[in-house]
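Visitor: For reference, this is upload_39.txt, and it has compact mmCIF, C-alpha atoms and all ligand atoms.
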# COMPACT_ATOMS: atom_id res chain seq x y z
CA MET A 20 -79.80 -71.89 -76.41
CA THR A 21 -82.03 -68.90 -75.78
CA GLU A 22 -81.82 -66.36 -73.00
CA ALA A 23 -85.41 -67.21 -72.06
CA ALA A 24 -84.43 -70.87 -71.68
CA ILE A 25 -81.58 -69.98 -69.34
CA ASN A 26 -83.90 -67.98 -67.11
CA LEU A 27 -86.42 -70.81 -66.66
CA ASP A 28 -87.15 -72.10 -63.18
CA GLU A 29 -85.16 -75.25 -63.83
CA SER A 30 -85.67 -76.80 -60.40
CA SER A 31 -89.31 -77.56 -61.21
CA LEU A 32 -88.65 -79.30 -64.55
CA LYS A 33 -88.17 -83.02 -65.22
CA LEU A 34 -84.89 -83.97 -66.88
CA THR A 35 -86.54 -84.53 -70.29
CA ASP A 36 -88.23 -81.12 -70.10
CA LEU A 37 -85.01 -79.51 -68.92
CA VAL A 38 -83.05 -80.87 -71.90
CA SER A 39 -85.84 -79.64 -74.14
CA ALA A 40 -86.00 -76.17 -72.53
CA VAL A 41 -82.26 -75.55 -72.34
CA GLY A 42 -80.97 -77.44 -75.39
CA GLY A 43 -84.07 -77.42 -77.60
CA VAL A 44 -83.98 -81.23 -77.96
CA ASP A 45 -87.05 -83.36 -77.25
CA VAL A 46 -85.75 -86.82 -76.38
CA SER A 47 -89.24 -88.09 -75.58
CA TYR A 48 -89.60 -89.10 -79.28
CA CYS A 49 -86.88 -91.75 -78.92
CA TYR A 50 -88.21 -95.31 -79.39
CA GLN A 51 -84.93 -97.07 -78.66
CA CYS A 52 -84.08 -98.28 -82.17
CA GLY A 53 -80.38 -98.23 -81.28
CA LYS A 54 -79.16 -96.59 -84.51
CA CYS A 55 -77.35 -93.82 -82.61
CA ALA A 56 -75.33 -96.30 -80.56
CA THR A 57 -74.40 -98.56 -83.47
CA GLY A 58 -72.99 -95.63 -85.44
CA CYS A 59 -71.09 -93.96 -82.61
CA PRO A 60 -67.31 -94.25 -83.12
CA VAL A 61 -66.53 -93.97 -79.41
CA ALA A 62 -69.40 -96.07 -78.01
CA TYR A 63 -66.91 -98.79 -77.02
CA GLU A 64 -65.44 -96.43 -74.40
CA MET A 65 -68.77 -95.25 -72.98
CA ASP A 66 -70.40 -96.58 -69.82
CA LEU A 67 -73.84 -95.83 -71.28
CA VAL A 68 -74.10 -95.85 -75.07
CA PRO A 69 -76.16 -92.96 -76.51
CA THR A 70 -79.35 -95.06 -76.68
CA GLN A 71 -79.04 -95.92 -72.98
CA LEU A 72 -78.25 -92.36 -71.98
CA ILE A 73 -81.30 -91.04 -73.86
CA HIS A 74 -83.42 -93.68 -72.12
CA ALA A 75 -82.04 -92.66 -68.73
CA ILE A 76 -82.97 -89.03 -69.51
CA GLN A 77 -86.50 -90.13 -70.43
CA LEU A 78 -86.78 -91.99 -67.13
CA GLY A 79 -85.57 -88.95 -65.20
CA LEU A 80 -82.55 -90.80 -63.78
CA THR A 81 -80.64 -87.56 -63.21
CA ASP A 82 -78.00 -89.06 -60.96
CA LEU A 83 -77.18 -91.86 -63.40
CA VAL A 84 -77.07 -89.41 -66.31
CA TYR A 85 -74.88 -86.83 -64.54
CA LYS A 86 -72.46 -89.52 -63.34
CA SER A 87 -72.03 -91.00 -66.80
CA LYS A 88 -68.81 -90.66 -68.81
CA THR A 89 -70.72 -90.68 -72.09
CA MET A 90 -71.21 -86.96 -72.74
CA TRP A 91 -67.56 -86.26 -71.84
CA LEU A 92 -66.28 -88.86 -74.30
CA CYS A 93 -68.59 -87.74 -77.12
CA ALA A 94 -66.49 -86.47 -80.02
CA GLY A 95 -69.32 -84.32 -81.38
CA CYS A 96 -69.13 -86.05 -84.78
CA LEU A 97 -72.96 -85.89 -85.17
CA THR A 98 -73.20 -89.43 -86.60
CA CYS A 99 -75.92 -90.24 -84.05
CA THR A 100 -77.86 -87.10 -84.90
CA THR A 101 -77.80 -87.76 -88.65
CA ARG A 102 -78.80 -91.43 -88.18
CA CYS A 103 -81.74 -90.89 -85.83
CA PRO A 104 -85.04 -91.72 -87.59
CA GLN A 105 -86.83 -89.46 -85.10
CA GLU A 106 -84.57 -86.51 -85.97
CA ILE A 107 -83.44 -86.14 -82.38
CA ASP A 108 -80.27 -84.06 -82.06
CA ILE A 109 -78.56 -86.50 -79.72
CA ALA A 110 -75.20 -84.71 -79.84
CA GLU A 111 -76.90 -81.50 -78.69
CA ALA A 112 -78.71 -83.41 -75.92
CA LEU A 113 -75.33 -84.66 -74.67
CA SER A 114 -73.88 -81.13 -74.74
CA THR A 115 -76.92 -79.90 -72.83
CA ILE A 116 -76.37 -82.50 -70.13
CA LYS A 117 -72.79 -81.22 -69.73
CA ILE A 118 -74.07 -77.66 -69.33
CA LEU A 119 -76.76 -78.64 -66.82
CA MET A 120 -74.38 -80.78 -64.81
CA THR A 121 -71.58 -78.21 -64.57
CA ARG A 122 -74.09 -75.48 -63.79
CA GLU A 123 -75.23 -77.53 -60.81
CA GLY A 124 -71.64 -77.88 -59.65
CA GLY A 125 -71.27 -81.56 -60.57
CA THR A 126 -67.88 -83.17 -61.13
CA PRO A 127 -67.31 -84.67 -64.59
CA GLN A 128 -66.35 -88.34 -64.75
CA VAL A 129 -63.66 -87.44 -67.29
CA PRO A 130 -62.37 -84.16 -65.82
CA ASP A 131 -59.59 -83.68 -68.40
CA VAL A 132 -62.21 -83.12 -71.11
CA LEU A 133 -63.67 -80.16 -69.21
CA LYS A 134 -60.13 -78.86 -68.63
CA PHE A 135 -59.41 -79.19 -72.36
CA ASN A 136 -62.66 -77.38 -73.27
CA ARG A 137 -61.90 -74.55 -70.86
CA SER A 138 -58.33 -74.19 -72.16
CA PHE A 139 -59.62 -74.13 -75.75
CA VAL A 140 -62.24 -71.46 -75.06
CA GLN A 141 -59.90 -69.31 -72.95
CA ASN A 142 -57.26 -69.49 -75.69
CA LEU A 143 -59.82 -68.45 -78.31
CA ASN A 144 -60.95 -65.56 -76.12
CA TRP A 145 -57.38 -64.32 -75.66
CA PHE A 146 -56.00 -64.74 -79.18
CA GLY A 147 -59.06 -64.72 -81.43
CA ARG A 148 -57.94 -68.07 -82.84
CA ILE A 149 -56.27 -71.15 -81.44
CA TYR A 150 -52.62 -70.72 -80.50
CA GLU A 151 -51.82 -74.40 -80.08
CA LEU A 152 -48.70 -74.09 -77.95
CA GLY A 153 -50.42 -71.69 -75.56
CA MET A 154 -53.44 -73.96 -75.33
CA VAL A 155 -51.27 -76.98 -74.55
CA GLY A 156 -49.55 -74.91 -71.83
CA MET A 157 -52.90 -73.95 -70.28
CA LEU A 158 -54.05 -77.55 -70.42
CA LYS A 159 -50.86 -78.82 -68.78
CA LEU A 160 -51.24 -76.29 -65.98
CA ARG A 161 -54.81 -77.44 -65.40
CA THR A 162 -54.11 -81.17 -65.52
CA GLY A 163 -50.61 -81.19 -64.01
CA LYS A 164 -49.68 -83.85 -66.61
CA PHE A 165 -46.59 -82.03 -67.85
CA THR A 166 -44.81 -84.91 -69.55
CA GLN A 167 -47.82 -86.65 -71.09
CA ASP A 168 -47.71 -86.73 -74.93
CA MET A 169 -44.33 -85.00 -74.90
CA ALA A 170 -42.93 -87.22 -77.71
CA MET A 171 -45.91 -86.44 -79.93
CA GLY A 172 -45.57 -82.72 -79.12
CA MET A 173 -41.92 -82.74 -80.21
CA LYS A 174 -42.86 -84.46 -83.47
CA MET A 175 -45.53 -81.81 -84.13
CA LEU A 176 -43.08 -79.04 -83.35
CA LYS A 177 -40.60 -80.48 -85.85
CA LYS A 178 -43.31 -80.68 -88.51
CA ASP A 179 -44.17 -77.04 -87.87
CA LYS A 180 -47.63 -77.89 -86.54
CA PHE A 181 -47.03 -75.73 -83.47
CA HIS A 182 -46.17 -72.05 -83.87
CA LEU A 183 -43.93 -70.59 -81.18
CA ILE A 184 -45.46 -67.13 -81.50
CA PRO A 185 -49.25 -66.63 -81.57
CA ARG A 186 -50.73 -65.25 -84.77
CA ILE A 187 -53.35 -62.86 -83.44
CA ARG A 188 -56.03 -61.98 -85.97
CA GLY A 189 -59.52 -60.64 -85.21
CA GLY A 190 -58.80 -60.99 -81.51
CA SER A 191 -60.84 -58.02 -80.33
CA ALA A 192 -63.89 -59.02 -82.41
CA VAL A 193 -63.85 -62.50 -80.89
CA HIS A 194 -63.33 -61.00 -77.43
CA GLN A 195 -66.44 -58.85 -77.95
CA ILE A 196 -68.45 -61.97 -78.84
CA PHE A 197 -67.33 -63.60 -75.59
CA LYS A 198 -68.33 -60.48 -73.65
CA ARG A 199 -71.79 -60.42 -75.25
CA VAL A 200 -72.38 -64.12 -74.51
CA LYS A 201 -71.31 -63.67 -70.89
CA LYS A 202 -73.69 -60.73 -70.53
CA GLN A 203 -76.58 -62.79 -71.98
CA GLU A 204 -75.87 -65.67 -69.63
CA LYS A 205 -76.13 -63.51 -66.52
CA PRO A 206 -79.33 -64.38 -64.63
S1 LIG A 301 -71.83 -87.10 -81.68
FE1 LIG A 301 -70.97 -88.14 -79.88
S2 LIG A 301 -72.52 -89.64 -79.25
FE2 LIG A 301 -72.99 -88.99 -81.35
S3 LIG A 301 -72.02 -90.52 -82.67
FE3 LIG A 301 -70.57 -88.81 -82.46
S4 LIG A 301 -69.28 -89.34 -80.72
FE4 LIG A 301 -71.07 -90.68 -80.62
S1 LIG A 302 -81.40 -93.25 -83.10
FE1 LIG A 302 -82.94 -91.85 -82.23
S2 LIG A 302 -84.80 -93.09 -81.93
FE2 LIG A 302 -83.04 -94.49 -82.23
S3 LIG A 302 -82.33 -94.98 -80.15
FE3 LIG A 302 -81.11 -93.25 -80.86
S4 LIG A 302 -82.22 -91.43 -80.16
FE4 LIG A 302 -83.63 -93.14 -80.02
Take the structure in the file and write it out as structure tokens.
Ligand code: SF4
Ligand code: SF4
Guide:
Amino acid sequence: MTEAAINLDESSLKLTDLVSAVGGVDVSYCYQCGKCATGCPVAYEMDLVPTQLIHAIQLGLTDLVYKSKTMWLCAGCLTCTTRCPQEIDIAEALSTIKILMTREGGTPQVPDVLKFNRSFVQNLNWFGRIYELGMVGMLKLRTGKFTQDMAMGMKMLKKDKFHLIPRIRGGSAVHQIFKRVKKQEKP
């Protein structure tokens, strides 16, 4: 995403143009072959499979697109992107929709995913790498689901998958990157 793209007058753009301007993905080339949806490992959980979501973007159905669960359930595996005969970066288009929607103050249909993403990024900013136990703590505070996945957490702790003390390495360099990105994103 470029700084110039962020500063565009977004209110005057159609959804297809907006996704193109902000995410650099032109979904207008999609001819609905369905290859993205048939390869998607989480399509069975989605309300609109990737093909349908791309079509809704083309039609400018902003409300339908923003209220979809699809982009929040996307695992970012890029299978759709690599399968698309039109070389459309579908995964990037889905990420762009998340950015546009949250920027406009929309509420995600799967709010825990946004909470997870925020906990992950905050953790990275603080420690320079992921400190799993700290990230789980942040996530639990955000979701309020303190006992969920407790059994699995204990198993991971026993197998030494969680470190009790964070291993901070390159923290200040990563923190500087975050600061630079924040500065660039300011209107
Ligand atoms: S990147 Fe997302 S939408 Fe594409 S195949 Fe993977 S999970 Fe499905
Ligand atoms: S694979 Fe590409 S062309 Fe086919 S439906 Fe998906 S986005 Fe459209």
Visitor: Within 6 Å of ligand LIG 301 (chain A), which residues show up when you count only C-alpha atoms and all ligand atoms? List them as a PDB file with C-alpha atoms, in the frame of the given file, please.
Guide:
ATOM      1  CA  GLY A  58     -72.990 -95.630 -85.440  1.00  0.00           C
ATOM      2  CA  CYS A  59     -71.090 -93.960 -82.610  1.00  0.00           C
ATOM      3  CA  PRO A  60     -67.310 -94.250 -83.120  1.00  0.00           C
ATOM      4  CA  VAL A  61     -66.530 -93.970 -79.410  1.00  0.00           C
ATOM      5  CA  PRO A  69     -76.160 -92.960 -76.510  1.00  0.00           C
ATOM      6  CA  CYS A  93     -68.590 -87.740 -77.120  1.00  0.00           C
ATOM      7  CA  ALA A  94     -66.490 -86.470 -80.020  1.00  0.00           C
ATOM      8  CA  GLY A  95     -69.320 -84.320 -81.380  1.00  0.00           C
ATOM      9  CA  CYS A  96     -69.130 -86.050 -84.780  1.00  0.00           C
ATOM     10  CA  LEU A  97     -72.960 -85.890 -85.170  1.00  0.00           C
ATOM     11  CA  THR A  98     -73.200 -89.430 -86.600  1.00  0.00           C
ATOM     12  CA  CYS A  99     -75.920 -90.240 -84.050  1.00  0.00           C
ATOM     13  CA  ALA A 110     -75.200 -84.710 -79.840  1.00  0.00           C
TER      14      ALA A 110
END
Visitor: At a cut-off of 9 Å and counting all atoms listed in the file, what residues surround ligand LIG 302 (chain A)? Please answer as a ChimeraX atom specification.
Guide: /A:46-57,69-71,73-74,99-109
Visitor: Give me the box for range 80-89 of chain A as AutoDock Vina command-line options, namely the centre and edge lengths in Å to one decimal of a box along x, y and z that holds every listed atom plus 3 Å on each side.
Guide:
--center_x -75.7 --center_y -89.3 --center_z -66.5 --size_x 19.7 --size_y 11.0 --size_z 17.1
Visitor: Using only C-alpha atoms, find each residue in range 36-67 of chain A having at least one atom no more than 7 Å away from range 112-129 of chain A; report its shortest atom-to-atom pair and that distance in Å (one decimal), rows by chain then rising number, as a tab-separated table.
Guide:
residue	atom	partner	partner_atom	distance
A:Val38	CA	A:Thr115	CA	6.3
A:Val41	CA	A:Thr115	CA	6.9
A:Gly42	CA	A:Thr115	CA	5.4
A:Val44	CA	A:Ala112	CA	6.1
Visitor: Could you check the closest approach to Leu78 in chain A for each of A:Thr35, A:Gln167, A:Thr162, A:Ser191 and tell me which residue wins, using all atoms listed in the file?
Guide: A:Thr35
Visitor: When distances are computed from all atoms listed in the file, which of A:Met175, A:Leu133, A:Leu32, A:Tyr63 shows the smallest separation from Gly79 in chain A?
Guide: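 Selected residue with least distance to Gly79 in chain A: A:Leu32.
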Visitor: Near Met65 in chain A, counting all atoms listed in the file, which residues have an atom at most 8 Å away, once you skip same-chain residues fewer than 4 positions from it, shown as a PyMOL selection string?
Guide: chain A and resi 61+88-89+92
Visitor: Report as a ChimeraX atom specification all protein, DNA and RNA residues lying within 10 Å of Gly189 in chain A, evaluated on all atoms listed in the file, omitting residues in the same chain fewer than 4 positions from it.
Guide: /A:146-148,193-194
Visitor: Using only C-alpha atoms, pick whichever of A:Val155, A:Leu143, A:Phe197, A:Val68 has the shortest atom-to-atom distance to Asp168 in chain A.
Guide: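 Closest to Asp168 in chain A, using only C-alpha atoms: A:Val155.
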Visitor: Mind giving me the straight-line distance from CA of Leu67 in chain A to CA of Ser87 in chain A in Å, one decimal?
Guide: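 Value for the CA of Leu67 in chain A-CA of Ser87 in chain A distance: 6.8 Å.
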Visitor: Using CA of Asp131 in chain A and CA of Met154 in chain A as the two end points, give the distance in Å to one decimal.
Guide: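 That distance, rounded to one decimal, is 13.4 Å.
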